[in-house]
$ cat query06.txt   # compact mmCIF, C-alpha atoms
# COMPACT_ATOMS: atom_id res chain seq x y z
CA MET A 1 0.00 0.00 0.00
CA ASN A 2 1.51 3.33 -1.05
CA GLU A 3 1.26 6.64 0.85
CA LEU A 4 -1.76 7.84 -1.17
CA GLU A 5 -3.73 4.67 -0.50
CA GLN A 6 -2.86 4.83 3.20
CA ALA A 7 -3.99 8.44 3.45
CA ARG A 8 -7.25 7.61 1.68
CA ARG A 9 -7.85 4.68 4.00
CA THR A 10 -7.38 6.99 7.00
CA ILE A 11 -9.87 9.45 5.50
CA ASP A 12 -12.39 6.65 4.95
CA GLN A 13 -12.07 5.56 8.58
CA VAL A 14 -12.51 9.11 9.84
CA ASP A 15 -15.53 9.62 7.55
CA ARG A 16 -17.21 6.51 9.00
CA GLN A 17 -16.70 7.86 12.50
CA MET A 18 -17.94 11.31 11.47
CA ALA A 19 -21.10 9.86 9.90
CA ALA A 20 -22.02 8.24 13.21
CA LEU A 21 -21.17 11.40 15.13
CA PHE A 22 -23.17 13.49 12.65
CA GLU A 23 -26.28 11.42 13.31
CA GLU A 24 -25.69 11.70 17.05
CA ARG A 25 -25.24 15.47 16.77
CA MET A 26 -28.39 15.94 14.70
CA ALA A 27 -30.40 13.91 17.19
CA ALA A 28 -29.29 16.40 19.84
CA VAL A 29 -30.16 19.25 17.45
CA ALA A 30 -33.71 17.89 17.24
CA GLN A 31 -33.90 18.01 21.06
CA VAL A 32 -32.71 21.61 20.97
CA ALA A 33 -35.43 22.39 18.41
CA ALA A 34 -38.09 20.86 20.65
CA TYR A 35 -36.90 22.94 23.61
CA LYS A 36 -36.93 26.15 21.54
CA GLU A 37 -40.44 25.35 20.35
CA ALA A 38 -41.67 24.77 23.90
CA HIS A 39 -40.13 28.00 25.19
CA GLY A 40 -40.87 30.26 22.21
CA LEU A 41 -37.21 30.74 21.30
CA PRO A 42 -35.96 31.55 17.77
CA VAL A 43 -33.98 29.00 15.80
CA LEU A 44 -31.14 31.47 15.24
CA ASP A 45 -29.19 32.50 18.35
CA ALA A 46 -26.31 34.59 17.03
CA GLY A 47 -24.73 35.00 20.47
CA ARG A 48 -24.68 31.26 21.09
CA GLU A 49 -23.21 30.57 17.67
CA ALA A 50 -20.35 33.01 18.21
CA GLN A 51 -19.56 31.20 21.47
CA VAL A 52 -19.60 27.82 19.71
CA VAL A 53 -17.08 29.02 17.12
CA GLU A 54 -14.77 30.46 19.78
CA LYS A 55 -15.03 27.37 22.00
CA ASN A 56 -14.27 24.93 19.18
CA LEU A 57 -11.35 26.94 17.87
CA ALA A 58 -9.80 26.69 21.32
CA LEU A 59 -9.82 22.89 20.95
CA LEU A 60 -7.84 23.00 17.74
CA LYS A 61 -4.19 22.01 18.16
CA ASN A 62 -3.02 22.89 14.66
CA LYS A 63 -3.72 26.64 14.51
CA ASP A 64 -2.87 26.74 10.80
CA LEU A 65 -6.21 24.99 10.29
CA ALA A 66 -8.16 27.69 12.18
CA PRO A 67 -9.72 29.48 9.15
CA TYR A 68 -10.77 26.15 7.62
CA TYR A 69 -12.15 24.83 10.88
CA THR A 70 -14.05 28.08 11.40
CA ASP A 71 -15.75 27.59 8.04
CA TYR A 72 -16.47 23.96 8.92
CA ILE A 73 -18.09 24.86 12.25
CA LYS A 74 -20.17 27.66 10.69
CA HIS A 75 -21.39 25.37 7.93
CA GLN A 76 -22.21 22.67 10.48
CA MET A 77 -24.30 25.16 12.47
CA ALA A 78 -26.03 26.31 9.28
CA LEU A 79 -27.04 22.71 8.60
CA SER A 80 -28.26 22.41 12.18
CA ARG A 81 -30.49 25.46 11.77
CA GLN A 82 -31.88 24.09 8.54
CA TYR A 83 -32.65 20.77 10.23
CA GLN A 84 -34.29 22.55 13.17
CA THR A 85 -36.62 24.42 10.83
CA LYS A 86 -37.56 21.16 9.14
CA VAL A 87 -38.16 19.37 12.46
CA LEU A 88 -40.34 22.27 13.64
CA GLY A 89 -42.22 22.55 10.35
CA ARG A 90 -40.80 26.03 9.85
CA ASP A 91 -39.18 25.40 6.51
CA ARG A 92 -41.66 27.46 4.50
CA VAL A 93 -40.26 30.87 3.52
CA ALA A 94 -42.32 33.49 1.69
CA TYR A 95 -41.16 35.99 -0.93
CA GLN A 96 -42.76 38.37 -3.39
CA GLY A 97 -42.68 37.45 -7.05
CA VAL A 98 -42.02 34.30 -9.01
CA GLU A 99 -39.11 31.91 -9.33
CA GLY A 100 -36.07 33.72 -10.70
CA ALA A 101 -36.88 37.10 -9.13
CA PHE A 102 -34.07 38.64 -7.09
CA SER A 103 -36.09 37.99 -3.94
CA HIS A 104 -36.19 34.31 -4.86
CA ILE A 105 -32.43 34.32 -5.50
CA ALA A 106 -31.86 35.90 -2.07
CA LEU A 107 -34.20 33.38 -0.43
CA LYS A 108 -32.35 30.40 -1.91
CA SER A 109 -29.02 31.87 -0.78
CA LEU A 110 -30.29 32.34 2.77
CA PHE A 111 -32.46 29.20 2.99
CA PRO A 112 -31.21 26.72 0.39
CA ARG A 113 -33.43 23.87 1.63
CA ALA A 114 -36.57 25.88 2.34
CA LYS A 115 -39.92 25.48 0.62
CA ALA A 116 -40.23 28.81 -1.19
CA VAL A 117 -43.74 30.33 -1.03
CA ALA A 118 -44.41 32.83 -3.82
CA CYS A 119 -46.68 35.82 -3.05
CA PRO A 120 -48.01 38.37 -5.55
CA THR A 121 -47.39 41.35 -3.24
CA PHE A 122 -45.13 42.47 -0.39
CA GLY A 123 -48.23 42.55 1.81
CA GLY A 124 -48.85 38.92 0.98
CA VAL A 125 -45.43 38.00 2.40
CA PHE A 126 -46.29 39.72 5.68
CA GLU A 127 -49.65 37.94 5.77
CA GLU A 128 -48.03 34.53 5.25
CA VAL A 129 -45.65 35.18 8.15
CA ALA A 130 -48.25 36.78 10.43
CA SER A 131 -50.62 33.84 9.95
CA GLY A 132 -47.90 31.28 10.65
CA ARG A 133 -48.24 29.69 7.21
CA ALA A 134 -44.61 30.69 6.60
CA ALA A 135 -41.90 30.73 9.24
CA CYS A 136 -40.32 33.83 7.76
CA GLY A 137 -40.25 36.04 4.70
CA VAL A 138 -37.52 37.55 2.53
CA LEU A 139 -38.11 41.07 1.23
CA PRO A 140 -36.07 43.78 -0.53
CA PHE A 141 -35.48 46.70 1.80
CA GLU A 142 -33.03 49.04 0.14
CA ASN A 143 -30.93 49.33 -3.00
CA SER A 144 -27.57 51.06 -3.11
CA HIS A 145 -28.55 52.85 -6.34
CA ALA A 146 -32.34 53.26 -6.33
CA GLY A 147 -32.83 53.77 -2.57
CA ASP A 148 -35.50 52.50 -0.17
CA VAL A 149 -38.31 50.08 -0.88
CA ALA A 150 -40.74 52.32 0.94
CA ALA A 151 -43.68 49.91 0.74
CA VAL A 152 -41.77 47.29 2.74
CA LEU A 153 -40.82 49.80 5.45
CA ASP A 154 -44.47 50.89 5.70
CA LEU A 155 -45.51 47.26 6.13
CA CYS A 156 -42.92 46.83 8.90
CA TYR A 157 -44.47 49.83 10.65
CA ALA A 158 -48.02 48.51 10.20
CA HIS A 159 -47.30 44.96 11.46
CA LYS A 160 -46.49 45.43 15.14
CA ASP A 161 -45.84 41.73 15.78
CA ILE A 162 -43.38 41.17 12.92
CA PHE A 163 -39.62 41.52 13.46
CA VAL A 164 -36.53 41.72 11.30
CA THR A 165 -34.20 38.86 12.20
CA ALA A 166 -31.50 39.08 9.52
CA VAL A 167 -30.22 41.23 6.68
CA TYR A 168 -28.58 40.02 3.50
CA ASP A 169 -26.80 42.07 0.84
CA LEU A 170 -27.18 40.66 -2.67
CA PRO A 171 -25.00 42.11 -5.45
CA VAL A 172 -27.31 42.89 -8.36
CA ARG A 173 -26.31 42.63 -12.00
CA GLN A 174 -29.02 43.65 -14.39
CA ASN A 175 -29.09 42.30 -17.94
CA LEU A 176 -31.25 42.96 -20.97
CA LEU A 177 -32.94 39.69 -21.88
CA GLY A 178 -34.61 38.80 -25.17
CA LEU A 179 -35.96 35.86 -27.12
CA PRO A 180 -33.51 33.38 -28.63
CA GLY A 181 -32.24 34.79 -31.91
CA ALA A 182 -33.22 38.38 -31.07
CA LYS A 183 -30.67 41.16 -31.51
CA LEU A 184 -30.25 44.32 -29.49
CA SER A 185 -31.30 46.33 -32.53
CA ASP A 186 -34.64 44.44 -32.58
CA VAL A 187 -35.70 45.70 -29.15
CA LYS A 188 -38.31 48.47 -29.10
CA LYS A 189 -39.76 48.13 -25.58
CA VAL A 190 -38.48 46.92 -22.21
CA PHE A 191 -40.27 45.50 -19.14
CA SER A 192 -39.00 45.24 -15.58
CA HIS A 193 -39.46 46.22 -11.95
CA PRO A 194 -39.33 50.02 -11.36
CA GLN A 195 -36.06 49.73 -9.40
CA ALA A 196 -34.41 47.67 -12.12
CA ILE A 197 -35.53 50.29 -14.64
CA ALA A 198 -34.08 53.04 -12.46
CA GLN A 199 -30.82 51.14 -12.05
CA SER A 200 -30.54 50.75 -15.84
CA GLU A 201 -31.74 54.24 -16.75
CA ARG A 202 -28.48 55.35 -18.38
CA PHE A 203 -28.41 52.30 -20.65
CA LEU A 204 -32.06 52.70 -21.64
CA LYS A 205 -31.60 56.39 -22.44
CA SER A 206 -28.55 55.64 -24.58
CA LEU A 207 -30.77 53.48 -26.82
CA SER A 208 -33.95 55.58 -26.41
CA LEU A 209 -35.80 52.50 -25.16
CA PRO A 210 -39.14 53.03 -23.38
CA ALA A 211 -39.69 50.92 -20.27
CA GLU A 212 -42.88 49.60 -18.67
CA SER A 213 -43.11 48.57 -15.01
CA CYS A 214 -43.85 45.03 -13.85
CA ALA A 215 -44.29 43.59 -10.36
CA ASN A 216 -40.77 42.12 -10.46
CA THR A 217 -37.95 41.25 -12.84
CA ALA A 218 -38.87 37.58 -13.18
CA MET A 219 -42.45 38.38 -14.15
CA ALA A 220 -41.07 40.73 -16.81
CA ALA A 221 -38.89 37.93 -18.17
CA LYS A 222 -41.81 35.51 -18.14
CA GLN A 223 -43.96 38.01 -20.02
CA VAL A 224 -41.31 38.42 -22.72
CA ALA A 225 -40.77 34.65 -22.97
CA GLU A 226 -44.49 33.97 -23.37
CA GLY A 227 -45.07 36.90 -25.74
CA GLY A 228 -42.90 35.55 -28.54
CA ASP A 229 -42.14 39.07 -29.81
CA LYS A 230 -38.48 39.83 -30.55
CA SER A 231 -39.11 43.56 -30.18
CA LEU A 232 -39.78 43.06 -26.46
CA ALA A 233 -37.10 42.60 -23.80
CA ALA A 234 -36.82 42.38 -20.03
CA ILE A 235 -34.32 43.61 -17.47
CA ALA A 236 -33.45 40.80 -15.07
CA SER A 237 -30.68 38.50 -13.84
CA ALA A 238 -28.75 35.95 -15.87
CA GLU A 239 -30.32 33.24 -13.67
CA THR A 240 -33.73 34.44 -14.78
CA ALA A 241 -32.70 34.27 -18.44
CA ALA A 242 -31.80 30.60 -18.04
CA LEU A 243 -35.02 29.88 -16.17
CA TYR A 244 -37.30 31.28 -18.90
CA GLY A 245 -35.27 30.31 -21.96
CA LEU A 246 -34.16 33.86 -22.82
CA GLU A 247 -30.80 35.13 -24.01
CA VAL A 248 -28.69 37.96 -22.60
CA LEU A 249 -28.68 40.69 -25.23
CA ALA A 250 -26.63 43.09 -23.09
CA ALA A 251 -24.92 42.26 -19.79
CA ASP A 252 -24.35 44.39 -16.69
CA ILE A 253 -26.48 47.30 -17.85
CA ASN A 254 -27.08 48.80 -14.39
CA SER A 255 -25.48 52.23 -14.10
CA ASP A 256 -23.87 51.60 -10.72
CA GLY A 257 -21.21 48.92 -10.99
CA ASP A 258 -21.47 48.30 -7.24
CA ASN A 259 -25.23 47.82 -7.27
CA THR A 260 -26.43 45.93 -4.19
CA THR A 261 -29.89 45.20 -2.83
CA ARG A 262 -30.29 44.71 0.90
CA PHE A 263 -32.90 42.12 1.84
CA ILE A 264 -34.47 41.62 5.24
CA VAL A 265 -35.76 38.43 6.81
CA ILE A 266 -38.98 38.88 8.81
CA SER A 267 -40.39 36.59 11.48
CA ARG A 268 -42.92 36.54 14.29
CA THR A 269 -40.09 35.86 16.77
CA ARG A 270 -37.54 38.55 17.58
CA ALA A 271 -33.90 37.47 17.69
CA THR A 272 -32.22 37.86 21.07
CA ALA A 273 -28.70 38.72 19.97
CA GLY A 274 -26.95 40.52 17.15
CA ASP A 275 -24.49 43.31 16.47
CA ARG A 276 -27.12 45.74 15.17
CA PHE A 277 -30.70 46.68 15.96
CA SER A 278 -33.34 48.86 14.34
CA LEU A 279 -36.04 51.02 15.89
CA LEU A 280 -39.33 52.47 14.69
CA PHE A 281 -40.54 55.52 16.58
CA THR A 282 -42.81 58.54 16.46
CA VAL A 283 -42.38 61.83 18.28
CA GLU A 284 -44.62 64.75 19.07
CA HIS A 285 -44.89 67.07 16.08
CA LYS A 286 -42.95 69.88 17.77
CA ALA A 287 -39.62 71.60 17.15
CA GLY A 288 -36.63 69.78 18.58
CA MET A 289 -38.26 66.44 19.34
CA LEU A 290 -36.41 64.48 16.65
CA ALA A 291 -33.18 66.17 17.70
CA ARG A 292 -33.70 64.92 21.26
CA VAL A 293 -33.92 61.34 19.99
CA ILE A 294 -30.76 61.71 17.91
CA GLN A 295 -28.92 63.33 20.82
CA ALA A 296 -29.97 60.49 23.14
CA ILE A 297 -28.66 57.91 20.69
CA GLY A 298 -25.35 59.72 20.36
CA ALA A 299 -24.99 60.29 24.08
CA ALA A 300 -25.54 56.57 24.70
CA GLY A 301 -22.60 55.82 22.42
CA PHE A 302 -24.46 54.16 19.55
CA ASN A 303 -23.46 54.81 15.96
CA MET A 304 -26.56 55.49 13.86
CA GLU A 305 -25.92 53.94 10.44
CA SER A 306 -29.27 54.81 8.93
CA ILE A 307 -32.25 57.09 9.51
CA LYS A 308 -35.37 57.22 7.37
CA SER A 309 -38.70 59.02 7.63
CA ARG A 310 -42.06 58.03 6.17
CA PRO A 311 -45.56 59.58 6.29
CA LYS A 312 -47.53 58.43 9.31
CA PRO A 313 -50.65 56.56 8.13
CA GLY A 314 -53.83 58.59 8.60
CA VAL A 315 -52.03 61.71 9.86
CA PRO A 316 -51.28 64.17 7.02
CA PHE A 317 -47.78 65.68 7.06
CA GLU A 318 -46.62 63.87 10.15
CA TYR A 319 -44.02 61.13 10.04
CA TYR A 320 -42.64 58.01 11.66
CA PHE A 321 -38.92 57.28 11.77
CA TYR A 322 -36.64 54.30 11.28
CA VAL A 323 -33.09 54.12 12.61
CA GLU A 324 -30.46 51.39 12.53
CA LEU A 325 -27.91 51.38 15.35
CA VAL A 326 -24.65 49.50 15.80
CA GLY A 327 -24.66 47.60 19.08
CA ARG A 328 -26.41 44.93 21.08
CA THR A 329 -29.86 45.25 22.62
CA ASP A 330 -28.85 43.04 25.56
CA SER A 331 -26.27 45.60 26.76
CA ASP A 332 -26.82 47.96 29.69
CA GLY A 333 -26.36 50.90 27.32
CA ALA A 334 -29.14 49.71 25.01
CA ARG A 335 -31.52 49.08 27.90
CA ALA A 336 -30.84 52.57 29.26
CA LEU A 337 -31.33 54.11 25.80
CA LEU A 338 -34.66 52.38 25.23
CA LYS A 339 -35.86 53.49 28.65
CA GLU A 340 -34.90 57.09 27.87
CA LEU A 341 -36.58 56.96 24.45
CA ASP A 342 -39.78 55.74 26.09
CA GLY A 343 -39.92 59.12 27.78
CA VAL A 344 -39.04 61.13 24.67
CA CYS A 345 -41.04 59.36 21.94
CA ASP A 346 -44.78 58.99 21.55
CA THR A 347 -44.12 55.39 20.45
CA VAL A 348 -40.94 53.35 20.12
CA ARG A 349 -40.33 49.68 19.40
CA VAL A 350 -37.47 47.45 18.43
CA LEU A 351 -38.11 46.34 14.87
CA GLY A 352 -35.17 44.00 14.56
CA VAL A 353 -32.06 42.49 16.08
CA TYR A 354 -29.57 40.97 13.68
CA SER A 355 -25.94 40.69 12.67
CA ARG A 356 -24.10 41.71 9.56
CA SER A 357 -22.27 38.52 8.75
CA ALA A 358 -21.20 36.38 5.84
CA LYS A 359 -23.88 34.58 3.86
CA GLU A 360 -22.95 31.14 5.13
CA GLU A 361 -23.44 32.20 8.76
CA ARG A 362 -27.12 32.88 8.12
CA GLU A 363 -27.97 29.87 6.01

$ encode --input "query06.txt" --output "structure tokens"
Amino acid sequence: MNELEQARRTIDQVDRQMAALFEERMAAVAQVAAYKEAHGLPVLDAGREAQVVEKNLALLKNKDLAPYYTDYIKHQMALSRQYQTKVLGRDRVAYQGVEGAFSHIALKSLFPRAKAVACPTFGGVFEEVASGRAACGVLPFENSHAGDVAAVLDLCYAHKDIFVTAVYDLPVRQNLLGLPGAKLSDVKKVFSHPQAIAQSERFLKSLSLPAESCANTAMAAKQVAEGGDKSLAAIASAETAALYGLEVLAADINSDGDNTTRFIVISRTRATAGDRFSLLFTVEHKAGMLARVIQAIGAAGFNMESIKSRPKPGVPFEYYFYVELVGRTDSDGARALLKELDGVCDTVRVLGVYSRSAKEERE
């Protein structure tokens, strides 16, 4: 037996041991899932997972393997979360649109084994989650080029019992898609989602192409595919082109080369740990009230990464506010800040607790 055969035999022996240990570990994971279900705890516990990574790295003797072992542990925990959702019957995830839409692409990146539930509207995603028919929902929240998805923020404000539990940044590359055999010169009209149209505005103007809005990019591609008219094209992803049998007539047509859409994951259960949290609040419509909130946030030592305002429903020319803060809600500083804001704001609530982390840590 040569050295290669010996090494492979060792790997085979280790793999047999790991298969048995994997089954034993997943049996324990099922027990964890049952406990979380009984006590109303979320599947994702970011604080616990950070501890698991740190604890296991300390066991590693060969420190050169640390980055690889870190990836291994994170992937193992991702599989555990996926199994927990299956055990608990929480493996249904809602999104707006049809297969191939960017929301669907984000969903499959975040929840690769989930049963994707398509909804015609953003409101439908919230209804699926609020009713319990879906464990969570994936929704676009903001684009680095086109700005906020205001309708989603308004739905977050309207649904008091829905929380943001994760964020995911998806790089967006828009392409002009047409029927097989079509040429760019054949195109006379373009269909897509309003944000995709806005992101590709410079390209469309350069060719004097009119654009018509659709509910999402995948629906636009489907419409072009079913129409059979070479003069019609859609703006969507390359994945969508493959899904509907279209060809890419022009690639990467979005004006901003660093175009990214931020998606949020919503759930009925608020996460307990994370390195960021977001608040929704209203203040009395008087001079200086918003400034008091901002001053309180700064004085408490929290960096405010985002602030948005939206019209308050049913109250003309008054507004509610959204802020995202860097920090943990389970810290003494956060508890003190929330207590102070209770006295300054008319209403204030924690919309979400989450971490900005690599994709594989949230799968």

$ residues_around --input "query06.txt" --residues "A:Ser80" --least-positions-apart "4" --cutoff "8 Å" --atoms "all atoms listed in the file" --output "JSON, numbers by chain"
{"A": [26, 29, 76, 84]}

$ atom_distance --input "query06.txt" --atom1 "atom CA of A:Leu59" --atom2 "atom CA of A:Asp71"
15.0 Å

$ atom_distance --input "query06.txt" --atom1 "atom CA of A:Phe321" --atom2 "atom CA of A:Leu279"
8.0 Å

$ closest_residue --input "query06.txt" --among "A:Asp91, A:Glu247, A:Asp186, A:Glu212" --to "A:Ala134" --atoms "all atoms listed in the file"
A:Asp91

$ closest_residue --input "query06.txt" --among "A:Gly288, A:Gly137, A:Gly178, A:Pro194" --to "A:Ala166" --atoms "all atoms listed in the file"
A:Gly137

$ closest_residue --input "query06.txt" --among "A:Gln295, A:Gln51, A:Gln174, A:Ser278" --to "A:Val353" --atoms "only C-alpha atoms"
A:Ser278

$ closest_residue --input "query06.txt" --among "A:Lys230, A:Lys222, A:Lys160, A:Arg276" --to "A:Gly100" --atoms "only C-alpha atoms"
A:Lys222

$ closest_residue --input "query06.txt" --among "A:Thr282, A:Thr85, A:Ser208, A:Gln13" --to "A:Ala30" --atoms "all atoms listed in the file"
A:Thr85

$ residues_near_point --input "query06.txt" --point "(-48.5, 31.5, 1.7)" --cutoff "12 Å" --atoms "only C-alpha atoms" --output "list in words"
Arg92, Val93, Ala94, Tyr95, Gln96, Lys115, Ala116, Val117, Ala118, Cys119, Pro120, Thr121, Phe122, Gly123, Gly124, Val125, Phe126, Glu127, Glu128, Val129, Ala130, Ser131, Gly132, Arg133, Ala134, Ala135, Cys136 and Gly137 of chain A

$ residues_around --input "query06.txt" --residues "A:Val283" --least-positions-apart "5" --cutoff "10 Å" --atoms "only C-alpha atoms" --output "compact mmCIF listing (two decimals) with C-alpha atoms, in the frame of the given file"
# COMPACT_ATOMS: atom_id res chain seq x y z
CA GLY A 288 -36.63 69.78 18.58
CA MET A 289 -38.26 66.44 19.34
CA LEU A 290 -36.41 64.48 16.65
CA ARG A 292 -33.70 64.92 21.26
CA VAL A 293 -33.92 61.34 19.99
CA GLU A 318 -46.62 63.87 10.15
CA TYR A 319 -44.02 61.13 10.04
CA TYR A 320 -42.64 58.01 11.66
CA PHE A 321 -38.92 57.28 11.77
CA LEU A 341 -36.58 56.96 24.45
CA VAL A 344 -39.04 61.13 24.67
CA CYS A 345 -41.04 59.36 21.94
CA ASP A 346 -44.78 58.99 21.55
CA THR A 347 -44.12 55.39 20.45
CA VAL A 348 -40.94 53.35 20.12

$ residues_near_point --input "query06.txt" --point "(-42.9, 44.9, 11.3)" --cutoff "10 Å" --atoms "all atoms listed in the file" --output "PyMOL selection string"
chain A and resi 126+130+152-164+266-268+280+349-352

$ closest_residue --input "query06.txt" --among "A:Asp258, A:Glu226, A:Glu99, A:Glu201" --to "A:Arg173" --atoms "all atoms listed in the file"
A:Asp258

$ atom_distance --input "query06.txt" --atom1 "atom CA of A:Lys74" --atom2 "atom CA of A:Arg270"
21.6 Å

$ axis_aligned_box --input "query06.txt" --around "stretch 64-72 of chain A" --padding-each-side "6 Å" --output "lines of an AutoDock Vina configuration file"
center_x = -9.7
center_y = 26.7
center_z = 9.9
size_x = 25.6
size_y = 17.5
size_z = 16.6
